[in-house]
Every structure is written in C-alpha cells, then in structure tokens.
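J.: Take a look at the following structure, please.
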Amino acid sequence: MSEQTYDLVVIGGGPGGYVAAIRAAQLGMKTACVESRGRLGGTCLNVGCIPSKALLHSSERFAEARDHLAEQGIKIGKLDLDLGTMMGRKDKVVDDLTKGIEFLFKKNKVDYVKGFGSIPAVGEVAVKAENGASQTLKSRNVLIATGSESTPLPNVEIDEKRIVSSTGALALGKVPKTMVVIGAGVIGLELGSVWSRLGAEVTVIEFLDRILPAMDGEIAKQTQRVLQKQGLTFKLGHKVTSAKAGRTGVALQVEPAKGGAAETLKAEVVLVSIGRRPYTEGLGLDALGVKVDNRGFIQVDDRFQTSLPGIYAIGDCVPGPMLAHKAEEDGVVCVEMLDGQAGHVDYNLCPSVVYTWPEVAGVGRTEEQLKEDGVDYRVGKFPFTANSRGRANAETDGLVKILADRRSDKVLGVHILGPLAGDLLQETVVAMEFGASAEDIARSYHSHPSMSEAVKEAALAVHGRPIHI
Ligand code: FAD
Ligand code: NAI
C-alpha cells in the first residue's frame with residue numbers, strides 16, 4: 001500500500017483525464033493519473049482525432065494533386081502513393097504528441113501511474129500493472145475519465161483486418177479496392193473519405209434516411225451532394241443484418257430499414273462506425289454503488305459528482321457530446337469546482353466539426369430543433385461561390401447558415417459547410433458565449449479577402465441585406 005495520500009487520482013489519461021490532472025496540479029493539488037494503454041492521450045491521440053486528421057490531411061493532398069492541381073496549371077507526371085510513408089508520418093505525429101503529454105506531466109509534477117485502475121472503496125484506487133504488480137493509491141478525490149469504445153453491431157464480428165472499427169481503419173496495410181462503411185456519422189464520413197481519396201470504391205450504408213443526424217439537415221444534404229461528387233456512394237434507409245469475412249472479402253446482408261427484401265453486398269473491407277459507448281469495465285462501479293444510466297453512462301450532477309461523494313466522472317463516459325474538447329472542458333471545470341471555484345459547462349455551445357473536405361461544422365441549435373421547439377427565428381445564408389477568397393482558392397463548395405431569434409436577433413445556431421469550416425465557426429462560438437446578435441457579427445470587421453467574410457455576409461443575410469449576393 002502506497003503511503004502517500006493524493007488530493008486527486010484520475011483514472012484515464014485521455015483529453016479529459018490528462019487535462020484535468022494538469023489543471024489540478026496547477027491549482028496545487030497532489031495529483032496522479034492512472035492509464036492502462038501504456039501511452040497517454042487516450043482514444044483521441046492514439047486512435048482517434050489525431051491519427052484520423054493526419055490521414056485526412058495526407059489523403060487530401062494526394063487527391064488534390066491527382067484531381068485538382070492541373071486546373072491551376074500545375075502538372076505532375078505520374079502520381080504514386082507510398083502508403084507506408086503516409087502511415088509512418090501519422091504514427092510519428094501520434095508518438096511525438098503522446099510523449100509531449102508525458103513531458104507536461106513531469107513539468108506539472110503529475111504522477112503518471114501505468115496500469116489498470118479500479119475503485120475498491122471510496123478514497124482508494126487499486127492499480128494493476130501489466131507485469132502483474134499491484135498497488136493501492138489513497139486519494140481524497142477520484143476522477144473517472146475512462147472514455148468510450150466503439151459500439152458493436154450484432155452478427156458483425158470485428159477482426160480489425162477485414163471487418164474493422166475506426167482503429168483498424170486507421171492502420172490498413174493497403175488500399176482496399178472496395179469498402180463498405182456502416183453508419184454515415186462522423187467516423188464513417190471522415191475515414192470513408194480517406195480511403196476513397198486513396199482509391200477505394202466506398203459505399204456508405206446508413207440506417208436513417210439522411211447522413212450526419214446530429215447536424216443541421218440542409219447542411220447535411222449539401223454535404224452528401226459534395227461527397228457524392230467526390231465519389232462516395234450512399235445507401236440511406238438501410239441496415240446491415242450480418243457480415244461474414246472470408247478469404248478475399250466480406251459478404252454483407254443488407255435490408256431496407258423499414259423492412260423488405262434483403263440483398264448481398266461484397267466488399268474487401270468493412271468499417272463499422274455506428275457510434276461509441278461509454279467504457280467503464282473493470283472499475284468496480286456496481287460493487288461500489290456508482291449509478292449508471294440505461295446506456296451505461298455514469299450519472300453525474302452539475303459538479304460532475306457521481307452518486308457517491310468523492311468520486312467524480314467526466315468526458316465520454318458521462319452524458320453529453322462525445323468530443324475531445326468537451327472532455328477537456330468537463331475536466332477543467334470539475335477540478336476548478338473541487339478547488340472551490342465556480343464553474344459550468346454549456347453543451348449547447350459545444351462546437352462539432354466533421355473533418356471531411358470541405359469541412360462541416362455546427363454550434364447551437366439546428367433549424368429542425370428550432371422548428372420543433374416553436375422558436376420564431378430568422379435565417380441568413382451565404383454560399384462560398386460568392387466569396388472572393390473561395391473563388392481565388394478554388395474552394396467554392398458549401399455555405400454559411402446563421403439562425404437568429406426573430407425578435408432579439410440573438411444568434412441561436414451557426415452551421416457551415418466549407419473550407420476550414422471548423423476554424424471559421426470559432427468566431428461564432430465566442431460570439432454566442434457573449435450572447436451576440438447577428439447584427440454584432442455583421443458589423444464586425446472581417447479581413448478581405450477571407451473565407452470569414454462569408455460568415456459576415458450570412459449575418460447580414462439574417463437581416464436581408466447581404467452585399468455580394
Ligand atoms: P478517452 O480519450 O477514451 O480516454 C480514456 C482513457 O482511459 C484511455 O486511454 C483508456 O486506455 C483509459 N482507461 C480506460 N479504463 C481505464 C482503467 N480502468 N484504468 C486505467 N486507464 C483506463 N473528438 C473530437 O473532438 N475531434 C475529433 O476530430 C475526433 N476524432 C475522432 C476520431 C476517431 C476515429 C474517434 C474514435 C474518436 C474521435 N473523437 C474526436 C472523439 C474523442 O476521441 C473522444 O471524445 C475523446 O477521446 C474522449 O476523451 P476522454 O478523455 O473522455 O476518453
Ligand atoms: P455517429 O453517432 O457520429 O454516427 C453513427 C451513424 O451510424 C449514425 O448516422 C446512425 O444513424 C448510424 N447507424 C447506427 N446504427 C446503424 C446500423 N445498424 N446500420 C446503419 N447505420 C447505423 O458515430 P461514429 O461515426 O461511430 O462516431 C462516434 C463518435 O466519435 C461521434 O459521435 C463523435 O462524438 C466522435 N467522433 C468525432 C469526430 C470529430 O469530432 N470530428 C470524428 C470521429 C468521431
């Protein structure tokens with residue numbers, strides 16, 4: 001039994017857990033972070049946000065060189081793909097960033113404890129190392145930040161070679177000729193885009209009759225059109241009832257979601273991306289009496305306290321958007337409240353970005369949600385075809401859409417399909433945090449020529465007075 005008592009022991013070294021640990025140490029708490037993966041950074045750094053963005057970037061450059069540079073008078077002879085080098089670069093980016101967090105832990109004096117954590121009793125974390133050694137850490141507070149895992153699909157067994165989750169899809173050894181993606185959500189569209197750009201024929205099968213269910217409907221529709229133009233095929237309103245991997249590929253049984261005749265599809269590789277679920281296995285929550293909801297998310301109050309005092313939870317394993325920046329904010333706010341400070345998170349202002357090209361980004365309410373809630377709103381839209389920088393850069397797909405309250409003009413939602421939409425969205429996230437009106441955005445300087453002028457124009461369009469359209 002370790003003699004020292006910590007102020008905080010965090011279980012899980014992902015963006016929720018490691019950021020919380022660093023913030024706690026900054027506030028003077030004696031802090032440890034327990035991580036079983038052997039590397040810090042969690043899903044996000046190791047098998048999520050970062051490797052996917054590295055491959056999205058490289059595959060974008062490849063597709064641009066193949067399909068678009070000639071239009072600008074840049075001729076390349078024979079274009080070759082060196083997938084090994086592309087994967088190697090991705091792995092190096094991940095390695096460097098995970099080591100960076102170890103450095104930050106040392107700098108902030110956070111103890112990094114390698115091993116699998118469980119909670120035998122309030123105030124204790126038992127850690128089992130890979131070599132079997134075990135120790136028990138005592139702590140005034142315990143923070144669970146154990147994240148999530150991909151949701152399995154019945155009758156579709158993942159082997160990470162032919163039938164893959166996002167983890168396998170980030171590490172394929174060769175470009176498959178054909179790929180079926182199950183689920184037209186964020187992972188399906190991002191990783192489907194990667195392999196399509198590199199040469200795979202990609203078919204996306206989606207249960208609902210639309211893609212990206214969490215995004216504004218009009219923006220999702222336009223996104224589908226743009227991705228179809230890039231070569232992705234969509235089979236909406238269908239479900240996969242089984243998939244069997246053989247020597248040369250996978251045979252899938254597919255049915256209309258509403259019922260009807262089944263058909264067989266074949267693909268060299270199948271990606272299952274139908275959502276993620278909280279991961280809390282082995283923590284001992286049941287025995288301890290920590291309550292989870294019917295989907296397995298740990299129940300917390302607005303201070304992130306679980307049903308037991310002294311035990312807190314944040315990030316993907318608690319309800320809310322399953323995003324890295326959400327996990328980080330949860331962690332910071334939870335720890336600051338432990339320190340006696342005030343704090344709150346507003347998930348309505350948590351932005352969401354899909355890193356296809358062009359990107360899809362949204363914050364606040366969608367038009368469908370406003371209609372459902374009977375809110376009287378105005379909408380302003382501006383297409384990138386009318387944006388001079390978009391024209392100059394040959395980036396004209398997409399639009400900015402701003403939704404504002406009809407009477408107060410307060411911005412209620414912003415949705416963008418366009419070049420670097422995630423970065424463009426950010427000014428509106430800040431504006432919304434300050435309770436801005438569409439008029440506030442419209443009257444702010446936006447540099448010329450810039451993509452951000454499309455945001456200003458959409459804000460002007462809320463009042464029916466855009467200049468360039
Ligand atoms: P995690 O990052 O899952 O970290 C939890 C950690 O806890 C893991 O390292 C795990 O090993 C460890 N752990 C679990 N149980 C124990 C235990 N008992 N003892 C010790 N350690 C334990 N989000 C974005 O915002 N932007 C993106 O671009 C983005 N891209 C993504 C791409 C993919 C392919 C995937 C799969 C996800 C992506 N996400 C993205 C989501 C993002 O990765 C998660 O929302 C984020 O990682 C959640 O952080 P977390 O700290 O809650 O959990
Ligand atoms: P998702 O929830 O985004 O999308 C899943 C899709 O699968 C939905 O459209 C759903 O209707 C569909 N679906 C569900 N069951 C189905 C079935 N049986 N057959 C066909 N379709 C089915 O989940 P995804 O893409 O797996 O991503 C998980 C989470 O990871 C996301 O919710 C997001 O929080 C996070 N993530 C975030 C990224 C980002 O911020 N850029 C990138 C990747 C992941």
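Just so we're on the same page: first chain in the structure tokens is A, next is B, and so on; residues restart at 1 for each chain, and ligands are numbered from 1 in the order they show up.
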Tell me, which residues of stretch 100-310 of chain A carry DSSP helix (DSSP H, G or I), written as an MDAnalysis selection string?

T.: chainID A and resid 100:108 166:169 186:197 217:229 285:288

J.: Would you output that residue set with N, CA and C atoms, as a short mmCIF file (atom, residue, chain, number, x, y, z; two decimals), in the first residue's frame?

T.:
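As a result, result-v4.cif now contains:
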data_model
loop_
_atom_site.label_atom_id
_atom_site.label_comp_id
_atom_site.auth_asym_id
_atom_site.auth_seq_id
_atom_site.Cartn_x
_atom_site.Cartn_y
_atom_site.Cartn_z
N GLY A 100 4.79 14.25 -25.63
CA GLY A 100 4.60 15.63 -25.18
C GLY A 100 3.78 15.69 -23.89
N ILE A 101 2.79 14.82 -23.78
CA ILE A 101 1.96 14.84 -22.56
C ILE A 101 2.77 14.32 -21.37
N GLU A 102 3.61 13.31 -21.62
CA GLU A 102 4.47 12.82 -20.52
C GLU A 102 5.35 13.97 -20.01
N PHE A 103 5.86 14.75 -20.95
CA PHE A 103 6.68 15.91 -20.57
C PHE A 103 5.86 16.90 -19.73
N LEU A 104 4.63 17.16 -20.18
CA LEU A 104 3.77 18.11 -19.44
C LEU A 104 3.47 17.59 -18.03
N PHE A 105 3.30 16.27 -17.90
CA PHE A 105 3.08 15.68 -16.57
C PHE A 105 4.29 15.95 -15.67
N LYS A 106 5.48 15.72 -16.22
CA LYS A 106 6.71 15.95 -15.42
C LYS A 106 6.80 17.42 -15.02
N LYS A 107 6.56 18.28 -16.01
CA LYS A 107 6.66 19.72 -15.77
C LYS A 107 5.70 20.16 -14.67
N ASN A 108 4.51 19.58 -14.65
CA ASN A 108 3.49 19.99 -13.67
C ASN A 108 3.48 19.12 -12.41
N SER A 166 -12.88 1.91 -36.20
CA SER A 166 -12.04 3.04 -36.63
C SER A 166 -10.56 2.73 -36.40
N THR A 167 -10.25 1.97 -35.35
CA THR A 167 -8.85 1.67 -35.04
C THR A 167 -8.18 0.91 -36.19
N GLY A 168 -8.87 -0.12 -36.70
CA GLY A 168 -8.31 -0.88 -37.82
C GLY A 168 -8.27 -0.03 -39.09
N ALA A 169 -9.29 0.82 -39.27
CA ALA A 169 -9.36 1.65 -40.48
C ALA A 169 -8.25 2.69 -40.53
N VAL A 186 -19.89 10.68 -38.12
CA VAL A 186 -18.62 11.40 -38.24
C VAL A 186 -17.48 10.48 -38.67
N ILE A 187 -17.34 9.33 -38.00
CA ILE A 187 -16.23 8.43 -38.34
C ILE A 187 -16.40 7.88 -39.75
N GLY A 188 -17.62 7.47 -40.09
CA GLY A 188 -17.87 6.89 -41.40
C GLY A 188 -17.48 7.85 -42.52
N LEU A 189 -17.86 9.14 -42.36
CA LEU A 189 -17.58 10.10 -43.44
C LEU A 189 -16.10 10.49 -43.47
N GLU A 190 -15.48 10.64 -42.28
CA GLU A 190 -14.05 11.01 -42.28
C GLU A 190 -13.19 9.87 -42.84
N LEU A 191 -13.35 8.67 -42.28
CA LEU A 191 -12.46 7.58 -42.72
C LEU A 191 -12.88 7.04 -44.08
N GLY A 192 -14.19 7.11 -44.40
CA GLY A 192 -14.63 6.78 -45.75
C GLY A 192 -13.97 7.71 -46.75
N SER A 193 -13.87 9.01 -46.41
CA SER A 193 -13.21 9.97 -47.30
C SER A 193 -11.74 9.62 -47.49
N VAL A 194 -11.06 9.27 -46.40
CA VAL A 194 -9.62 8.94 -46.51
C VAL A 194 -9.41 7.84 -47.56
N TRP A 195 -10.15 6.72 -47.41
CA TRP A 195 -9.87 5.57 -48.29
C TRP A 195 -10.42 5.80 -49.69
N SER A 196 -11.49 6.58 -49.81
CA SER A 196 -12.00 6.92 -51.14
C SER A 196 -10.96 7.76 -51.89
N ARG A 197 -10.39 8.75 -51.21
CA ARG A 197 -9.39 9.60 -51.87
C ARG A 197 -8.17 8.79 -52.30
N GLY A 217 -30.07 19.77 -41.02
CA GLY A 217 -30.50 18.94 -42.13
C GLY A 217 -30.08 19.46 -43.50
N GLU A 218 -30.21 20.78 -43.70
CA GLU A 218 -29.87 21.36 -45.01
C GLU A 218 -28.36 21.22 -45.28
N ILE A 219 -27.58 21.45 -44.24
CA ILE A 219 -26.12 21.34 -44.38
C ILE A 219 -25.74 19.88 -44.65
N ALA A 220 -26.42 18.95 -43.97
CA ALA A 220 -26.12 17.52 -44.17
C ALA A 220 -26.44 17.12 -45.61
N LYS A 221 -27.56 17.63 -46.13
CA LYS A 221 -27.96 17.29 -47.50
C LYS A 221 -26.90 17.76 -48.51
N GLN A 222 -26.45 19.00 -48.31
CA GLN A 222 -25.43 19.56 -49.22
C GLN A 222 -24.12 18.79 -49.08
N THR A 223 -23.81 18.38 -47.84
CA THR A 223 -22.58 17.61 -47.61
C THR A 223 -22.64 16.30 -48.40
N GLN A 224 -23.81 15.66 -48.35
CA GLN A 224 -23.96 14.40 -49.08
C GLN A 224 -23.70 14.62 -50.58
N ARG A 225 -24.26 15.71 -51.12
CA ARG A 225 -24.07 16.00 -52.54
C ARG A 225 -22.59 16.17 -52.88
N VAL A 226 -21.89 16.93 -52.03
CA VAL A 226 -20.47 17.19 -52.28
C VAL A 226 -19.67 15.88 -52.21
N LEU A 227 -19.98 15.05 -51.21
CA LEU A 227 -19.22 13.80 -51.05
C LEU A 227 -19.53 12.84 -52.20
N GLN A 228 -20.77 12.87 -52.69
CA GLN A 228 -21.11 12.02 -53.84
C GLN A 228 -20.29 12.45 -55.06
N LYS A 229 -20.15 13.78 -55.21
CA LYS A 229 -19.35 14.31 -56.33
C LYS A 229 -17.90 13.80 -56.22
N LEU A 285 -17.73 -0.37 -10.51
CA LEU A 285 -18.79 0.61 -10.19
C LEU A 285 -19.99 -0.04 -9.52
N ASP A 286 -20.35 -1.25 -10.01
CA ASP A 286 -21.52 -1.95 -9.46
C ASP A 286 -21.37 -2.21 -7.98
N ALA A 287 -20.25 -2.83 -7.65
CA ALA A 287 -20.00 -3.21 -6.25
C ALA A 287 -19.97 -1.98 -5.35
N LEU A 288 -19.46 -0.89 -5.93
CA LEU A 288 -19.30 0.34 -5.16
C LEU A 288 -20.63 1.08 -5.00
#

J.: Produce as an MDAnalysis selection string the set of residues near ligand 2, where near means within 8 Å with only C-alpha atoms and all ligand atoms considered.

T.: chainID A and resid 48:49 52 150:151 153 166 182:190 205:208 210:214 238:241 272:276 321:324 352:355

J.: Which residues are near ligand 1 - at most 7 Å, using only C-alpha atoms and all ligand atoms? Format: as a ChimeraX atom specification.

T.: /A:11-17,34-37,40-44,47-50,52-53,115-118,145-148,166-167,187,279-283,314-317,322-325,327,355

J.: If we count only C-alpha atoms and set the cut-off at 9 Å, which residues sit around A:His344, ignoring sequence neighbours fewer than 4 positions away in its own chain? Please answer as a list in words.

T.: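 Surrounding residues, per the criterion: Asp302, Arg303, Asp330, Val333, Cys334 and Met337 of chain A.
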
J.: Give me the residues within 6 Å of stretch 438-445 of chain A as a list in words, counting only C-alpha atoms and dropping any in the same chain fewer than 5 places off.

T.: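 The contact residues come out as Asp409, Val411, Lys456, Ala459 and Leu460 of chain A.
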
J.: So that I have them on file, write out the residues from the current selection with N, CA and C atoms, as a short mmCIF file (atom, residue, chain, number, x, y, z; two decimals), in the first residue's frame.

T.:
data_model
loop_
_atom_site.label_atom_id
_atom_site.label_comp_id
_atom_site.auth_asym_id
_atom_site.auth_seq_id
_atom_site.Cartn_x
_atom_site.Cartn_y
_atom_site.Cartn_z
N ASP A 409 -32.75 39.00 -32.11
CA ASP A 409 -31.64 38.87 -33.05
C ASP A 409 -30.48 38.05 -32.46
N VAL A 411 -28.04 35.17 -31.74
CA VAL A 411 -27.65 34.03 -32.58
C VAL A 411 -27.97 32.74 -31.83
N LYS A 456 -19.67 36.91 -42.14
CA LYS A 456 -20.23 38.27 -42.02
C LYS A 456 -21.44 38.42 -42.96
N ALA A 459 -24.46 36.74 -41.70
CA ALA A 459 -25.06 37.53 -40.62
C ALA A 459 -25.85 38.70 -41.21
N LEU A 460 -25.30 39.33 -42.26
CA LEU A 460 -26.04 40.40 -42.95
C LEU A 460 -27.33 39.83 -43.57
#

J.: Fewer than 5 positions away in the same chain doesn't count, so skip those; otherwise give me all residues within 9 Å of A:Val300, counting only C-alpha atoms, as a list in words.

T.: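 In the requested format, the answer is Lys291, Val292, Gln305, Thr306, Ser307, Tyr312, Ala313, Ile314, Val318 and Pro319 of chain A.
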
J.: Go through A:Val332, A:Asp95, A:Ala251, A:Lys371 one by one, measure the shortest atom-to-atom distance of each to A:Gln26 using only C-alpha atoms, and give the residue with the smallest value.

T.: A:Val332

J.: Just list the residues in stretch 250-465 of chain A DSSP gives strand (DSSP E) on the backbone, as a PyMOL selection string.

T.: chain A and resi 250-256+263-267+269-272+276-278+311-313+352-354+359-364+377-383+399-405+411-418

J.: Deliver the residues from the most recent selection as a file, using C-alpha atoms, as a CSV table (one decimal), in the first residue's frame.

T.:
chain,number,residue,atom,x,y,z
A,250,VAL,CA,-16.7,-9.7,-46.7
A,251,ALA,CA,-20.3,-10.6,-47.6
A,252,LEU,CA,-22.9,-8.4,-46.1
A,253,GLN,CA,-26.6,-8.9,-45.8
A,254,VAL,CA,-28.4,-5.6,-46.2
A,255,GLU,CA,-32.1,-4.8,-45.8
A,256,PRO,CA,-34.2,-1.7,-46.1
A,263,GLU,CA,-29.6,-8.2,-50.7
A,264,THR,CA,-26.0,-9.3,-50.5
A,265,LEU,CA,-23.2,-6.8,-50.9
A,266,LYS,CA,-19.5,-7.6,-51.1
A,267,ALA,CA,-16.5,-5.6,-50.0
A,269,VAL,CA,-13.0,-4.2,-46.1
A,270,VAL,CA,-16.0,-3.2,-43.9
A,271,LEU,CA,-15.8,-0.3,-41.4
A,272,VAL,CA,-18.3,-0.5,-38.6
A,276,ARG,CA,-19.5,4.8,-29.4
A,277,ARG,CA,-20.5,3.7,-26.0
A,278,PRO,CA,-19.1,4.5,-22.5
A,311,ILE,CA,-16.0,10.1,-6.9
A,312,TYR,CA,-16.4,12.3,-10.0
A,313,ALA,CA,-16.6,11.5,-13.7
A,352,SER,CA,-18.9,20.0,-33.6
A,353,VAL,CA,-16.7,19.6,-36.7
A,354,VAL,CA,-16.5,16.8,-39.3
A,359,GLU,CA,-15.4,20.5,-43.5
A,360,VAL,CA,-18.8,20.5,-41.8
A,361,ALA,CA,-19.2,22.5,-38.6
A,362,GLY,CA,-22.0,23.5,-36.3
A,363,VAL,CA,-22.8,25.1,-32.9
A,364,GLY,CA,-26.0,25.7,-31.1
A,377,TYR,CA,-36.3,32.6,-36.0
A,378,ARG,CA,-34.7,34.2,-39.0
A,379,VAL,CA,-32.1,32.5,-41.2
A,380,GLY,CA,-29.2,34.1,-43.2
A,381,LYS,CA,-27.2,32.1,-45.7
A,382,PHE,CA,-24.2,32.9,-47.8
A,383,PRO,CA,-22.6,30.5,-50.4
A,399,LEU,CA,-22.3,27.8,-47.4
A,400,VAL,CA,-22.6,29.5,-44.1
A,401,LYS,CA,-26.0,29.5,-42.3
A,402,ILE,CA,-26.9,31.6,-39.3
A,403,LEU,CA,-30.0,31.2,-37.3
A,404,ALA,CA,-31.1,34.1,-35.1
A,405,ASP,CA,-34.1,34.8,-32.8
A,411,VAL,CA,-27.7,34.0,-32.6
A,412,LEU,CA,-29.1,30.6,-31.8
A,413,GLY,CA,-27.2,28.4,-34.2
A,414,VAL,CA,-24.4,28.5,-36.9
A,415,HIS,CA,-23.8,25.8,-39.4
A,416,ILE,CA,-21.1,25.8,-42.0
A,417,LEU,CA,-20.1,23.5,-44.9
A,418,GLY,CA,-17.0,24.9,-46.4

J.: Expressed in Å to a single decimal, how great is the separation between atom CA of A:Ile119 and atom CA of A:Gly284?

T.: 6.0 Å

J.: Can you tell me how far atom CA of A:Lys177 sits from atom CA of A:His57, in Å to one decimal?

T.: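 Calculated distance between atom CA of A:Lys177 and atom CA of A:His57 is 21.0 Å.
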
J.: Distance atom CA of A:Gly435-atom CA of A:Pro351, one decimal place?

T.: 15.4 Å

J.: I need the residue nearest A:His448 from this list: A:Phe304, A:Ser388, A:Gly398, A:Pro152. Use only C-alpha atoms for the distance.

T.: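 Closest residue, counting only C-alpha atoms: A:Ser388.
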
J.: Neighbours of A:Met29 within 9 Å (only C-alpha atoms; same-chain residues fewer than 5 positions away dropped), as a list in words?

T.: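 Once the nearby chain positions are removed, what remains is Tyr6, Asp7, Leu8, Ala21, Arg23, Ala24 and Asp339 of chain A.
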
J.: Could you tell me which of A:Val93, A:Ala133, A:Ala245, A:Leu79 comes closest to A:Leu198 if we count only C-alpha atoms?

T.: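 Looking at the shortest contact to A:Leu198, the residue is A:Leu79.
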
J.: Please determine, counting only C-alpha atoms, which residue among A:Gly199, A:Arg247, A:Asp216, A:Lys109 has the shortest atom-to-atom distance to A:Thr366.

T.: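 Smallest distance to A:Thr366 is found for A:Asp216.
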
J.: Which residue out of A:Glu433, A:Met86, A:Lys410, A:Val290 has the minimum interatomic distance to A:Asp346 when only C-alpha atoms are used?

T.: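 Answer, going by the shortest atom-to-atom distance: A:Glu433.
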